[in-house]
Each structure stands twice: as structure tokens, then as C-alpha cells.
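These notes concern the structure reproduced below.
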Amino acid sequence: MIRIMLPLAIIAALFFTPLFSETTTGSVTGETVTARTGQFYLADTVTCWRNMEFSVTDDCEPKGGMQGLAVAGAAGLSAIAAALGVLGLLPFVGRLTSIATVVAGVVTVGAMGYLILNLMGSSEGVGGVEWGAYLVGGTGLLTLISGLSGMRGR
């Protein structure tokens, strides 16, 4: 059951927690810091997926270039791992579906590492990285550990 809940927690954390912040300058508000969630990257892609257009090119491409593709990969593979985790409740299929959980954990940790390193190199620096990026990375690590445990038969 945990191999279903952890990938779903990754998706929820990607969509609803702030991953990074940026300073914007407006004529009325001056300089303000705006926190951005994963919806910044994934809004167009999710709209296309809802319309049964399973692509990450052209109009369906995530914002942010490679950072957006990394976040989309983490969300997509987590969704696949959660769906396969339901099949993993069957005793003879459980170990095979744990492989998808491991892959989702590895991709999520890698995507958040890539995102954090790129944000640290931006003008915002380390201060631009928000707590949601760490939460997603930690949940990805727990998903990886859970998948490895499932491969051992637990």
C-alpha cells in the first residue's frame, strides 16, 4: 500500500508545494518574491494529457526547458508507479511492480537534484530553492527505498 501512496505524495507535492521563488519587479508593488509550484512547469502538459494528447512537444511542452521535462518525468513516472502499485497488491506480481517504484524514486531524486542545482546557479542562488523541492526529493528517496524493499519481498 505504501508503494501506491508515496508516488501519489510525490505528485501532490509537485503540484501544491513551492519548488522555487523568484523576484519580480512591478510598477506598483516594486520588487516582490513570488513562490512557484510545479504547476508553473506542468500546467500546459497536464491540460494536453487531460485532452488525451500524450506528448511533451510543441504546445504540450513543459515550461522551463530541461527543468520542466525533469519535473514532468518525475510526475509521469510517479503516476505510472502508483497505477502499477495497485497491481502490485497481488502477491505474485508485487516484486515486478516494485521495479517501477524504484525507477520513479530514482527519477524523482534526480529531477529534484537537477532542479536544485540549476536554481542554485541562477541569480536567486540557494535562497531561490523552496521547501517543496526538498520535500519532493525526500519523498522520492522514500519511494526508492520502498521499491527496493518491495523487490526483497517485503
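Each chain of the C-alpha cells is named A, B, ... in the order shown, its residues numbered from 1; ligands are numbered from 1 in display order.
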
* **Shell around region 132-148 of chain A at 7 Å using only C-alpha atoms, local window under 6 positions removed, as JSON, numbers by chain** => {"A": [3, 6, 7, 10, 13, 14, 17, 18, 19, 98, 99, 101, 102, 105, 106, 108, 109, 112]}

All strand (DSSP E) positions in region 1-132 of chain A, as a compact mmCIF listing (two decimals) with all heavy atoms, in the first residue's frame:
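Final output, saved to part11.txt:
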# COMPACT_ATOMS: atom_id res chain seq x y z
N PRO A 18 5.63 24.90 -2.93
CA PRO A 18 6.53 25.78 -3.70
C PRO A 18 7.88 25.12 -3.94
O PRO A 18 8.53 24.64 -3.01
CB PRO A 18 6.67 27.00 -2.79
CG PRO A 18 6.35 26.53 -1.43
CD PRO A 18 5.38 25.39 -1.58
N LEU A 19 8.28 25.07 -5.20
CA LEU A 19 9.56 24.48 -5.56
C LEU A 19 10.67 25.53 -5.60
O LEU A 19 11.80 25.25 -5.24
CB LEU A 19 9.47 23.79 -6.92
CG LEU A 19 8.50 22.62 -7.03
CD1 LEU A 19 8.54 22.04 -8.44
CD2 LEU A 19 8.81 21.56 -6.01
N PHE A 20 10.33 26.72 -6.06
CA PHE A 20 11.33 27.78 -6.13
C PHE A 20 10.64 29.12 -6.01
O PHE A 20 9.43 29.24 -6.11
CB PHE A 20 12.14 27.70 -7.44
CG PHE A 20 11.36 28.01 -8.68
CD1 PHE A 20 11.41 29.28 -9.24
CD2 PHE A 20 10.58 27.05 -9.29
CE1 PHE A 20 10.70 29.57 -10.39
CE2 PHE A 20 9.87 27.32 -10.44
CZ PHE A 20 9.92 28.59 -10.98
N SER A 21 11.44 30.15 -5.76
CA SER A 21 10.92 31.51 -5.71
C SER A 21 11.77 32.39 -6.60
O SER A 21 12.95 32.11 -6.83
CB SER A 21 10.91 32.04 -4.27
OG SER A 21 12.22 32.05 -3.75
N GLU A 22 11.14 33.43 -7.10
CA GLU A 22 11.85 34.37 -7.94
C GLU A 22 11.42 35.78 -7.60
O GLU A 22 10.31 36.00 -7.12
CB GLU A 22 11.62 34.07 -9.42
CG GLU A 22 10.18 34.16 -9.85
CD GLU A 22 9.97 33.74 -11.30
OE1 GLU A 22 10.94 33.35 -11.96
OE2 GLU A 22 8.84 33.80 -11.76
N THR A 23 12.29 36.71 -7.86
CA THR A 23 12.00 38.11 -7.59
C THR A 23 11.44 38.74 -8.85
O THR A 23 12.05 38.67 -9.92
CB THR A 23 13.27 38.85 -7.15
OG1 THR A 23 13.82 38.18 -6.01
CG2 THR A 23 12.97 40.28 -6.79
N THR A 24 10.27 39.34 -8.72
CA THR A 24 9.66 40.04 -9.84
C THR A 24 9.56 41.52 -9.50
O THR A 24 9.40 41.89 -8.34
CB THR A 24 8.26 39.49 -10.17
OG1 THR A 24 7.45 39.58 -9.00
CG2 THR A 24 8.33 38.05 -10.61
N THR A 25 9.65 42.36 -10.52
CA THR A 25 9.59 43.80 -10.33
C THR A 25 8.36 44.33 -11.04
O THR A 25 8.18 44.09 -12.24
CB THR A 25 10.85 44.48 -10.88
OG1 THR A 25 11.99 43.89 -10.27
CG2 THR A 25 10.84 45.95 -10.60
N GLY A 26 7.53 45.03 -10.30
CA GLY A 26 6.33 45.64 -10.88
C GLY A 26 6.31 47.13 -10.61
O GLY A 26 6.95 47.62 -9.68
N GLY A 30 6.65 47.07 -6.76
CA GLY A 30 8.11 47.09 -6.61
C GLY A 30 8.66 45.69 -6.75
O GLY A 30 8.13 44.87 -7.48
N GLU A 31 9.71 45.40 -5.99
CA GLU A 31 10.30 44.07 -6.04
C GLU A 31 9.59 43.17 -5.05
O GLU A 31 9.53 43.46 -3.86
CB GLU A 31 11.79 44.12 -5.72
CG GLU A 31 12.63 44.65 -6.83
CD GLU A 31 14.12 44.43 -6.58
OE1 GLU A 31 14.48 43.77 -5.59
OE2 GLU A 31 14.91 44.94 -7.38
N THR A 32 9.05 42.06 -5.54
CA THR A 32 8.40 41.07 -4.68
C THR A 32 8.94 39.69 -5.00
O THR A 32 9.35 39.42 -6.13
CB THR A 32 6.86 41.06 -4.88
OG1 THR A 32 6.58 40.77 -6.25
CG2 THR A 32 6.24 42.38 -4.50
N VAL A 33 8.94 38.84 -4.01
CA VAL A 33 9.37 37.46 -4.18
C VAL A 33 8.13 36.60 -4.37
O VAL A 33 7.22 36.62 -3.54
CB VAL A 33 10.20 36.98 -2.96
CG1 VAL A 33 10.58 35.53 -3.12
CG2 VAL A 33 11.43 37.85 -2.80
N THR A 34 8.09 35.87 -5.47
CA THR A 34 6.95 35.03 -5.80
C THR A 34 7.37 33.57 -5.74
O THR A 34 8.34 33.18 -6.39
CB THR A 34 6.44 35.35 -7.22
OG1 THR A 34 6.19 36.74 -7.32
CG2 THR A 34 5.19 34.57 -7.54
N ALA A 35 6.64 32.77 -4.96
CA ALA A 35 6.92 31.33 -4.89
C ALA A 35 6.15 30.63 -6.00
O ALA A 35 4.99 30.92 -6.25
CB ALA A 35 6.51 30.79 -3.53
N ARG A 36 6.82 29.70 -6.68
CA ARG A 36 6.21 28.95 -7.79
C ARG A 36 6.13 27.47 -7.44
O ARG A 36 7.07 26.89 -6.92
CB ARG A 36 7.03 29.10 -9.06
CG ARG A 36 7.19 30.51 -9.55
CD ARG A 36 5.96 30.93 -10.26
NE ARG A 36 6.17 32.24 -10.84
CZ ARG A 36 5.41 32.72 -11.78
NH1 ARG A 36 4.40 32.03 -12.23
NH2 ARG A 36 5.64 33.92 -12.25
N THR A 37 4.99 26.88 -7.76
CA THR A 37 4.82 25.44 -7.56
C THR A 37 5.17 24.72 -8.86
O THR A 37 5.51 25.34 -9.86
CB THR A 37 3.37 25.11 -7.17
OG1 THR A 37 2.52 25.47 -8.25
CG2 THR A 37 2.96 25.85 -5.91

* To do: Work out how far CA of Ile11 (chain A) is from CA of Leu90 (chain A), in Å to one decimal.
  =>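 These atoms are spaced 23.7 Å apart.
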
* Running DSSP on the backbone, which parts of region 11-143 of chain A land in alpha helix (DSSP H), as a VMD selection string? -> chain A and resid 11 to 16 39 to 50 66 to 87 94 to 120 131 to 143

* Mind pulling up the distance from CA of Gln39 (chain A) to CA of Thr57 (chain A)? -> 17.1 Å

* Structure fact -> Residue with the minimum atom-to-atom distance to Trp49 (chain A), picked from A:Gly76, A:Gly153, A:Val86, A:Ala104 with only C-alpha atoms counted, is A:Gly76

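With distances restricted to only C-alpha atoms, A:Leu96 is the closest residue to Ser149 (chain A) from A:Leu96, A:Met120, A:Ala72, A:Cys48.
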
* To do: Would you work out the distance separating CA of Leu87 (chain A) from CA of Asn51 (chain A), expressed in Å to one decimal?
  =>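 Pair CA of Leu87 (chain A) / CA of Asn51 (chain A) returns 25.5 Å.
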